[in-house]
Every structure is written in C-alpha cells, then in structure tokens.
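Structure file query-v3.cif (mmCIF, N, CA and C atoms) follows.
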data_target
#
loop_
_atom_site.label_atom_id
_atom_site.label_comp_id
_atom_site.auth_asym_id
_atom_site.auth_seq_id
_atom_site.Cartn_x
_atom_site.Cartn_y
_atom_site.Cartn_z
N MET A 205 -53.41 -96.96 100.31
CA MET A 205 -54.54 -96.22 99.83
C MET A 205 -55.75 -96.60 100.67
N PHE A 206 -56.51 -95.62 101.06
CA PHE A 206 -57.69 -95.91 101.85
C PHE A 206 -58.67 -94.77 101.69
N GLY A 207 -59.87 -94.96 102.13
CA GLY A 207 -60.83 -93.88 102.19
C GLY A 207 -61.73 -93.72 101.00
N LEU A 208 -61.88 -94.72 100.16
CA LEU A 208 -62.85 -94.60 99.08
C LEU A 208 -64.24 -94.75 99.70
N ALA A 209 -64.93 -93.64 99.82
CA ALA A 209 -66.22 -93.63 100.51
C ALA A 209 -67.32 -94.17 99.61
N GLU A 210 -68.20 -94.90 100.22
CA GLU A 210 -69.38 -95.39 99.51
C GLU A 210 -70.55 -94.52 99.95
N GLU A 211 -71.08 -93.77 99.01
CA GLU A 211 -72.20 -92.86 99.30
C GLU A 211 -71.87 -91.92 100.47
N GLY A 212 -70.62 -91.44 100.50
CA GLY A 212 -70.21 -90.49 101.52
C GLY A 212 -69.90 -91.09 102.88
N ARG A 213 -69.97 -92.41 103.01
CA ARG A 213 -69.69 -93.08 104.29
C ARG A 213 -68.40 -93.88 104.18
N TYR A 214 -67.55 -93.71 105.17
CA TYR A 214 -66.29 -94.44 105.20
C TYR A 214 -66.44 -95.69 106.05
N THR A 215 -65.93 -96.80 105.54
CA THR A 215 -66.03 -98.05 106.28
C THR A 215 -64.71 -98.44 106.91
N ASN A 216 -63.63 -97.77 106.54
CA ASN A 216 -62.31 -98.08 107.07
C ASN A 216 -61.72 -96.87 107.78
N SER A 217 -60.74 -97.14 108.59
CA SER A 217 -59.96 -96.08 109.20
C SER A 217 -58.50 -96.50 109.16
N ALA A 218 -57.62 -95.58 109.45
CA ALA A 218 -56.19 -95.89 109.43
C ALA A 218 -55.52 -95.14 110.57
N LYS A 219 -54.44 -95.73 111.05
CA LYS A 219 -53.63 -95.13 112.09
C LYS A 219 -52.19 -95.15 111.61
N ALA A 220 -51.57 -93.98 111.54
CA ALA A 220 -50.19 -93.89 111.07
C ALA A 220 -49.24 -94.28 112.19
N ILE A 221 -48.29 -95.14 111.87
CA ILE A 221 -47.28 -95.53 112.85
C ILE A 221 -45.90 -95.03 112.44
N THR A 222 -45.82 -94.47 111.23
CA THR A 222 -44.60 -93.84 110.75
C THR A 222 -45.01 -92.53 110.06
N PRO A 223 -44.09 -91.61 109.86
CA PRO A 223 -44.45 -90.37 109.15
C PRO A 223 -44.97 -90.68 107.75
N LEU A 224 -45.93 -89.88 107.29
CA LEU A 224 -46.48 -90.11 105.96
C LEU A 224 -47.04 -88.82 105.39
N ALA A 225 -47.28 -88.82 104.10
CA ALA A 225 -47.94 -87.72 103.41
C ALA A 225 -49.30 -88.23 102.95
N VAL A 226 -50.31 -87.44 103.14
CA VAL A 226 -51.67 -87.84 102.78
C VAL A 226 -52.22 -86.84 101.77
N TYR A 227 -52.87 -87.35 100.74
CA TYR A 227 -53.50 -86.52 99.73
C TYR A 227 -54.97 -86.88 99.66
N ARG A 228 -55.78 -85.88 99.43
CA ARG A 228 -57.23 -86.10 99.37
C ARG A 228 -57.73 -85.69 97.98
N PHE A 229 -58.47 -86.61 97.36
CA PHE A 229 -59.06 -86.35 96.06
C PHE A 229 -60.55 -86.66 96.13
N PRO A 230 -61.38 -85.74 95.68
CA PRO A 230 -62.81 -86.10 95.58
C PRO A 230 -62.98 -87.25 94.59
N VAL A 231 -63.88 -88.14 94.86
CA VAL A 231 -64.09 -89.30 93.99
C VAL A 231 -64.42 -88.86 92.57
N SER A 232 -65.20 -87.80 92.43
CA SER A 232 -65.55 -87.32 91.08
C SER A 232 -64.30 -86.87 90.31
N ALA A 233 -63.35 -86.21 90.97
CA ALA A 233 -62.12 -85.79 90.31
C ALA A 233 -61.28 -87.01 89.93
N LEU A 234 -61.23 -87.98 90.82
CA LEU A 234 -60.49 -89.21 90.53
C LEU A 234 -61.10 -89.93 89.33
N ARG A 235 -62.42 -90.04 89.33
CA ARG A 235 -63.11 -90.72 88.23
C ARG A 235 -62.82 -90.01 86.90
N ASN A 236 -62.89 -88.68 86.88
CA ASN A 236 -62.61 -87.93 85.65
C ASN A 236 -61.17 -88.12 85.19
N ARG A 237 -60.23 -88.10 86.12
CA ARG A 237 -58.81 -88.26 85.78
C ARG A 237 -58.54 -89.65 85.22
N LEU A 238 -59.13 -90.67 85.85
CA LEU A 238 -58.93 -92.04 85.38
C LEU A 238 -59.54 -92.26 83.99
N ALA A 239 -60.66 -91.60 83.72
CA ALA A 239 -61.31 -91.73 82.41
C ALA A 239 -60.44 -91.15 81.29
N LYS A 240 -59.58 -90.21 81.64
CA LYS A 240 -58.73 -89.55 80.64
C LYS A 240 -57.35 -90.18 80.50
N ASP A 241 -56.97 -91.04 81.41
CA ASP A 241 -55.60 -91.59 81.41
C ASP A 241 -55.64 -93.09 81.66
N ALA A 242 -55.60 -93.86 80.56
CA ALA A 242 -55.70 -95.32 80.66
C ALA A 242 -54.54 -95.92 81.44
N ASP A 243 -53.35 -95.35 81.30
CA ASP A 243 -52.19 -95.87 82.02
C ASP A 243 -52.37 -95.67 83.53
N LEU A 244 -52.83 -94.49 83.91
CA LEU A 244 -53.08 -94.23 85.33
C LEU A 244 -54.20 -95.14 85.84
N GLU A 245 -55.23 -95.36 85.03
CA GLU A 245 -56.31 -96.24 85.43
C GLU A 245 -55.80 -97.66 85.67
N PHE A 246 -54.91 -98.14 84.79
CA PHE A 246 -54.33 -99.47 84.97
C PHE A 246 -53.55 -99.55 86.28
N HIS A 247 -52.71 -98.54 86.55
CA HIS A 247 -51.91 -98.55 87.78
C HIS A 247 -52.80 -98.43 89.02
N PHE A 248 -53.88 -97.70 88.91
CA PHE A 248 -54.83 -97.57 90.01
C PHE A 248 -55.48 -98.93 90.30
N ILE A 249 -55.87 -99.64 89.25
CA ILE A 249 -56.46 -100.97 89.42
C ILE A 249 -55.43 -101.92 90.03
N CYS A 250 -54.18 -101.84 89.59
CA CYS A 250 -53.12 -102.68 90.18
C CYS A 250 -52.97 -102.37 91.67
N LYS A 251 -53.03 -101.10 92.04
CA LYS A 251 -52.92 -100.72 93.45
C LYS A 251 -54.12 -101.25 94.23
N LEU A 252 -55.30 -101.16 93.68
CA LEU A 252 -56.49 -101.70 94.36
C LEU A 252 -56.36 -103.21 94.57
N ILE A 253 -55.85 -103.91 93.57
CA ILE A 253 -55.65 -105.36 93.70
C ILE A 253 -54.63 -105.65 94.78
N HIS A 254 -53.56 -104.87 94.81
CA HIS A 254 -52.54 -105.04 95.85
C HIS A 254 -53.16 -104.83 97.24
N GLU A 255 -53.95 -103.79 97.38
CA GLU A 255 -54.60 -103.51 98.67
C GLU A 255 -55.55 -104.64 99.06
N LEU A 256 -56.28 -105.18 98.09
CA LEU A 256 -57.17 -106.31 98.35
C LEU A 256 -56.36 -107.52 98.81
N ARG A 257 -55.24 -107.78 98.15
CA ARG A 257 -54.38 -108.90 98.53
C ARG A 257 -53.85 -108.72 99.96
N GLU A 258 -53.44 -107.51 100.31
CA GLU A 258 -52.94 -107.23 101.66
C GLU A 258 -54.06 -107.41 102.69
N THR A 259 -55.25 -107.00 102.35
CA THR A 259 -56.40 -107.18 103.26
C THR A 259 -56.69 -108.67 103.44
N GLN A 260 -56.61 -109.44 102.37
CA GLN A 260 -56.81 -110.89 102.47
C GLN A 260 -55.75 -111.51 103.37
N ARG A 261 -54.50 -111.08 103.24
CA ARG A 261 -53.44 -111.59 104.11
C ARG A 261 -53.70 -111.25 105.57
N HIS A 262 -54.18 -110.03 105.80
CA HIS A 262 -54.47 -109.61 107.18
C HIS A 262 -55.60 -110.45 107.76
N VAL A 263 -56.64 -110.70 106.99
CA VAL A 263 -57.76 -111.52 107.46
C VAL A 263 -57.27 -112.94 107.73
N PHE A 264 -56.45 -113.48 106.85
CA PHE A 264 -55.89 -114.82 107.06
C PHE A 264 -55.06 -114.85 108.34
N LEU A 265 -54.28 -113.80 108.54
CA LEU A 265 -53.45 -113.70 109.73
C LEU A 265 -54.32 -113.67 110.99
N LEU A 266 -55.41 -112.90 110.95
CA LEU A 266 -56.30 -112.81 112.11
C LEU A 266 -56.99 -114.14 112.39
N ALA A 267 -57.18 -114.95 111.36
CA ALA A 267 -57.88 -116.22 111.54
C ALA A 267 -57.00 -117.28 112.20
N ARG A 268 -55.70 -117.04 112.23
CA ARG A 268 -54.80 -118.01 112.86
C ARG A 268 -55.11 -118.11 114.34
N ARG A 269 -55.03 -119.28 114.89
CA ARG A 269 -55.37 -119.50 116.30
C ARG A 269 -54.18 -119.25 117.23
N ARG A 270 -53.01 -119.72 116.84
CA ARG A 270 -51.85 -119.69 117.73
C ARG A 270 -51.13 -118.35 117.64
N ALA A 271 -50.80 -117.79 118.79
CA ALA A 271 -50.14 -116.49 118.86
C ALA A 271 -48.80 -116.52 118.13
N LEU A 272 -48.04 -117.58 118.31
CA LEU A 272 -46.73 -117.67 117.68
C LEU A 272 -46.86 -117.64 116.16
N SER A 273 -47.87 -118.32 115.62
CA SER A 273 -48.10 -118.32 114.18
C SER A 273 -48.47 -116.93 113.68
N LYS A 274 -49.33 -116.24 114.44
CA LYS A 274 -49.73 -114.89 114.04
C LYS A 274 -48.54 -113.95 114.00
N VAL A 275 -47.73 -113.99 115.04
CA VAL A 275 -46.58 -113.09 115.10
C VAL A 275 -45.57 -113.45 114.02
N ALA A 276 -45.37 -114.74 113.77
CA ALA A 276 -44.44 -115.17 112.72
C ALA A 276 -44.91 -114.67 111.35
N MET A 277 -46.20 -114.78 111.07
CA MET A 277 -46.73 -114.30 109.79
C MET A 277 -46.60 -112.79 109.69
N PHE A 278 -46.81 -112.09 110.81
CA PHE A 278 -46.67 -110.64 110.84
C PHE A 278 -45.22 -110.25 110.52
N LEU A 279 -44.27 -110.93 111.13
CA LEU A 279 -42.86 -110.64 110.87
C LEU A 279 -42.49 -110.94 109.43
N GLN A 280 -43.07 -112.01 108.89
CA GLN A 280 -42.83 -112.34 107.49
C GLN A 280 -43.39 -111.24 106.58
N LEU A 281 -44.55 -110.70 106.92
CA LEU A 281 -45.13 -109.60 106.16
C LEU A 281 -44.21 -108.39 106.18
N LEU A 282 -43.69 -108.04 107.36
CA LEU A 282 -42.77 -106.91 107.46
C LEU A 282 -41.50 -107.14 106.64
N GLU A 283 -40.99 -108.37 106.67
CA GLU A 283 -39.81 -108.69 105.89
C GLU A 283 -40.08 -108.53 104.40
N THR A 284 -41.24 -108.99 103.96
CA THR A 284 -41.64 -108.86 102.55
C THR A 284 -41.71 -107.40 102.14
N LEU A 285 -42.25 -106.55 103.02
CA LEU A 285 -42.32 -105.12 102.73
C LEU A 285 -40.92 -104.51 102.63
N GLN A 286 -40.01 -104.94 103.49
CA GLN A 286 -38.63 -104.45 103.43
C GLN A 286 -37.97 -104.85 102.11
N VAL A 287 -38.19 -106.09 101.69
CA VAL A 287 -37.64 -106.56 100.42
C VAL A 287 -38.20 -105.73 99.27
N ALA A 288 -39.50 -105.45 99.30
CA ALA A 288 -40.14 -104.66 98.23
C ALA A 288 -39.57 -103.25 98.16
N ARG A 289 -39.12 -102.72 99.29
CA ARG A 289 -38.51 -101.38 99.31
C ARG A 289 -37.01 -101.43 99.03
N GLY A 290 -36.47 -102.62 98.79
CA GLY A 290 -35.05 -102.76 98.51
C GLY A 290 -34.17 -102.66 99.73
N GLU A 291 -34.74 -102.90 100.91
CA GLU A 291 -33.99 -102.80 102.16
C GLU A 291 -33.43 -104.16 102.54
N ARG A 292 -32.37 -104.13 103.36
CA ARG A 292 -31.79 -105.36 103.88
C ARG A 292 -32.77 -106.01 104.85
N THR A 293 -32.65 -107.33 104.97
CA THR A 293 -33.56 -108.04 105.88
C THR A 293 -32.82 -108.85 106.93
N ALA A 294 -31.55 -108.52 107.17
CA ALA A 294 -30.84 -109.20 108.25
C ALA A 294 -31.54 -108.92 109.57
N GLU A 295 -32.15 -107.75 109.65
CA GLU A 295 -32.99 -107.38 110.80
C GLU A 295 -34.31 -106.86 110.26
N ILE A 296 -35.38 -107.16 110.97
CA ILE A 296 -36.70 -106.70 110.57
C ILE A 296 -37.04 -105.48 111.40
N TYR A 297 -37.35 -104.38 110.74
CA TYR A 297 -37.70 -103.14 111.40
C TYR A 297 -39.14 -103.25 111.92
N LEU A 298 -39.33 -103.04 113.21
CA LEU A 298 -40.66 -103.06 113.82
C LEU A 298 -41.11 -101.62 114.07
N PRO A 299 -41.98 -101.07 113.21
CA PRO A 299 -42.40 -99.69 113.39
C PRO A 299 -43.48 -99.53 114.47
N MET A 300 -43.88 -100.63 115.10
CA MET A 300 -44.97 -100.61 116.07
C MET A 300 -44.46 -101.14 117.40
N ASN A 301 -45.09 -100.69 118.48
CA ASN A 301 -44.77 -101.29 119.77
C ASN A 301 -45.61 -102.56 119.93
N ARG A 302 -45.36 -103.31 120.98
CA ARG A 302 -46.05 -104.60 121.15
C ARG A 302 -47.56 -104.43 121.31
N SER A 303 -47.97 -103.34 121.91
CA SER A 303 -49.40 -103.07 122.06
C SER A 303 -50.07 -102.87 120.70
N ASP A 304 -49.41 -102.08 119.83
CA ASP A 304 -49.95 -101.86 118.48
C ASP A 304 -49.95 -103.16 117.66
N ILE A 305 -48.89 -103.95 117.83
CA ILE A 305 -48.84 -105.24 117.13
C ILE A 305 -50.01 -106.11 117.58
N GLY A 306 -50.25 -106.14 118.89
CA GLY A 306 -51.37 -106.92 119.41
C GLY A 306 -52.70 -106.45 118.84
N GLU A 307 -52.88 -105.14 118.76
CA GLU A 307 -54.13 -104.61 118.20
C GLU A 307 -54.28 -105.01 116.74
N TYR A 308 -53.19 -104.93 115.98
CA TYR A 308 -53.22 -105.30 114.56
C TYR A 308 -53.52 -106.78 114.37
N LEU A 309 -52.97 -107.60 115.27
CA LEU A 309 -53.12 -109.05 115.14
C LEU A 309 -54.34 -109.60 115.87
N GLY A 310 -55.06 -108.74 116.59
CA GLY A 310 -56.21 -109.22 117.36
C GLY A 310 -55.77 -110.05 118.55
N MET A 311 -54.69 -109.63 119.21
CA MET A 311 -54.12 -110.36 120.35
C MET A 311 -53.90 -109.41 121.52
N SER A 312 -53.80 -109.98 122.70
CA SER A 312 -53.49 -109.16 123.86
C SER A 312 -51.99 -108.85 123.86
N LEU A 313 -51.64 -107.80 124.58
CA LEU A 313 -50.23 -107.43 124.74
C LEU A 313 -49.45 -108.59 125.34
N GLU A 314 -50.06 -109.28 126.30
CA GLU A 314 -49.40 -110.41 126.96
C GLU A 314 -49.11 -111.53 125.97
N ALA A 315 -50.06 -111.81 125.09
CA ALA A 315 -49.87 -112.89 124.10
C ALA A 315 -48.75 -112.52 123.13
N VAL A 316 -48.67 -111.26 122.74
CA VAL A 316 -47.59 -110.82 121.85
C VAL A 316 -46.25 -110.98 122.56
N SER A 317 -46.20 -110.57 123.81
CA SER A 317 -44.95 -110.70 124.58
C SER A 317 -44.54 -112.15 124.73
N ARG A 318 -45.51 -113.03 124.99
CA ARG A 318 -45.20 -114.47 125.11
C ARG A 318 -44.65 -115.01 123.78
N ALA A 319 -45.24 -114.56 122.68
CA ALA A 319 -44.77 -115.03 121.37
C ALA A 319 -43.33 -114.59 121.13
N PHE A 320 -43.02 -113.34 121.44
CA PHE A 320 -41.64 -112.88 121.26
C PHE A 320 -40.69 -113.63 122.19
N ARG A 321 -41.13 -113.93 123.40
CA ARG A 321 -40.29 -114.74 124.30
C ARG A 321 -40.07 -116.13 123.70
N GLY A 322 -41.10 -116.68 123.05
CA GLY A 322 -40.95 -117.97 122.38
C GLY A 322 -39.90 -117.91 121.28
N PHE A 323 -39.88 -116.80 120.53
CA PHE A 323 -38.85 -116.62 119.50
C PHE A 323 -37.47 -116.49 120.15
N ASP A 324 -37.41 -115.79 121.28
CA ASP A 324 -36.14 -115.66 122.00
C ASP A 324 -35.60 -117.03 122.39
N ARG A 325 -36.48 -117.87 122.94
CA ARG A 325 -36.06 -119.20 123.36
C ARG A 325 -35.59 -120.03 122.17
N ALA A 326 -36.20 -119.83 121.03
CA ALA A 326 -35.83 -120.59 119.83
C ALA A 326 -34.69 -119.91 119.06
N ARG A 327 -34.20 -118.78 119.57
CA ARG A 327 -33.09 -118.03 118.96
C ARG A 327 -33.45 -117.43 117.60
N TYR A 328 -34.74 -117.14 117.36
CA TYR A 328 -35.17 -116.49 116.11
C TYR A 328 -35.20 -114.98 116.26
N HIS A 329 -35.20 -114.50 117.46
CA HIS A 329 -35.41 -113.09 117.72
C HIS A 329 -34.41 -112.62 118.75
N GLN A 330 -33.93 -111.42 118.57
CA GLN A 330 -33.01 -110.85 119.54
C GLN A 330 -33.29 -109.36 119.65
N GLU A 331 -33.44 -108.89 120.87
CA GLU A 331 -33.63 -107.46 121.10
C GLU A 331 -32.37 -106.73 120.67
N PRO A 332 -32.51 -105.53 120.07
CA PRO A 332 -31.32 -104.77 119.70
C PRO A 332 -30.51 -104.40 120.93
N GLY A 333 -29.23 -104.58 120.84
CA GLY A 333 -28.35 -104.24 121.95
C GLY A 333 -27.83 -102.84 121.83
N PRO A 334 -26.97 -102.43 122.75
CA PRO A 334 -26.43 -101.06 122.71
C PRO A 334 -25.56 -100.80 121.50
N ASP A 335 -25.04 -101.85 120.87
CA ASP A 335 -24.20 -101.66 119.69
C ASP A 335 -24.99 -101.62 118.40
N SER A 336 -26.32 -101.83 118.48
CA SER A 336 -27.16 -101.81 117.27
C SER A 336 -27.33 -100.40 116.76
N ILE A 337 -27.48 -100.30 115.47
CA ILE A 337 -27.70 -98.99 114.86
C ILE A 337 -29.18 -98.80 114.62
#

Taking this structure as input, can you express it in the form of structure tokens?
Amino acid sequence: MFGLAEEGRYTNSAKAITPLAVYRFPVSALRNRLAKDADLEFHFICKLIHELRETQRHVFLLARRRALSKVAMFLQLLETLQVARGERTAEIYLPMNRSDIGEYLGMSLEAVSRAFRGFDRARYHQEPGPDSI
C-alpha cells in the first residue's frame, strides 16, 4: 500500500518489479468507508502497521555498513515474504536484477556483485543452472 497523500502531496514513490494490480481511492472515499466498517478499519490499521514495520526494516537494512550484511538481510527478507505466501524456500526467488537490488539497498552494482561472489565462495548461493526450473 502506498500513496496516502498529505494535503495532495505524495512523499513516496514505487517501482513495480513484478506484475501487479493497482487501485486508486480518493482519501475522502476511504475515510467514509472506514467509518462505516469497523472490521475493515481494523484490517486497514493492521496493514498500515505492517507497512511501517517493513519501512523500519528497510531503514535498518540501509543503515548496515557492510555489503555482505545488507545483501544477507535482503535475502532473509525475501525468504520471509516467500514463507508468508506459503511458498517453498529451498531457493529464494530474486524478482530484481543486481542493479535494482543495489538501488534498493543503497549500494553500487559492484558492491552487490562482490557480496554475491562472497556468498558463492562460502557456498551459500548458487546461480541457477540449465536444469533449474
């Protein structure tokens, strides 16, 4: 969820890296709907708290100094999302290329590549081979 404008000004932006559906609701319509449906209001507040928690994790991740730590935390985040969707975690799906990962983590492409090479050396990471699905 994103785009709750303050006085008509947006402070955030988003970039889709996978297909998605987007819905737009005027704040006044949302406010009226929430006032009429306490259950929906509760779930909306839960979603806002979840988004705040994810933003806190992202800020914490950005504050990390070492590239390897940042990438490891990023991979752990992706694994957690896969678990939440009920997906297997024998492999972690990377929906972003290394350049996008670097942008998300506040790192250069080279630093991201070095971190993945570090995982390769430690046998934590393996590029998908021709037999991978």

Padding of 6 Å on every side, edges along x, y and z, all listed atoms of region 295-309 of chain A included: what centre and edge lengths in Å, to one decimal, does that box have, as lines of an AutoDock Vina configuration file?
center_x = -43.2
center_y = -104.6
center_z = 115.9
size_x = 34.2
size_y = 22.1
size_z = 24.4

Could you list the residues chosen by the PyMOL selection byres (((chain A and resi 252-267 and name CA) around 10) and name CA) in this structure as JSON, numbers by chain? {"A": [205, 206, 246, 247, 248, 249, 250, 251, 268, 269, 270, 271, 273, 274, 275, 276, 277, 278, 281, 308, 309, 310, 311]}

Separation of atom N of Pro230 (chain A) from atom C of Ala242 (chain A), in Å and rounded to one decimal: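 Separation between atom N of Pro230 (chain A) and atom C of Ala242 (chain A): 18.8 Å.
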
Separation of atom C of Lys219 (chain A) from atom N of Arg289 (chain A), in Å and rounded to one decimal: 19.5 Å

Write down as a ChimeraX atom specification the residues of chain A whose backbone DSSP state falls under helix (DSSP H, G or I). /A:231-240,242-267,271-288,302-309,313-325

One number please: CA of Ile296 (chain A) to atom N of Tyr227 (chain A), in Å, one decimal. 27.1 Å

Neighbours of Leu272 (chain A) within 8 Å (only N, CA and C atoms; same-chain residues fewer than 5 positions away dropped), as a list in words? Met277, Phe278, Ala315, Val316, Arg318, Ala319, Phe320, Gly322 and Phe323 of chain A

Using only C-alpha atoms, which of A:Ser232, A:Thr222, A:Ser217, A:Gln286 sits nearest Asn301 (chain A)? A:Thr222

I need the residue nearest Met300 (chain A) from this list: A:Glu245, A:Ile221, A:Thr284, A:Asp324. Use all atoms listed in the file for the distance. A:Ile221
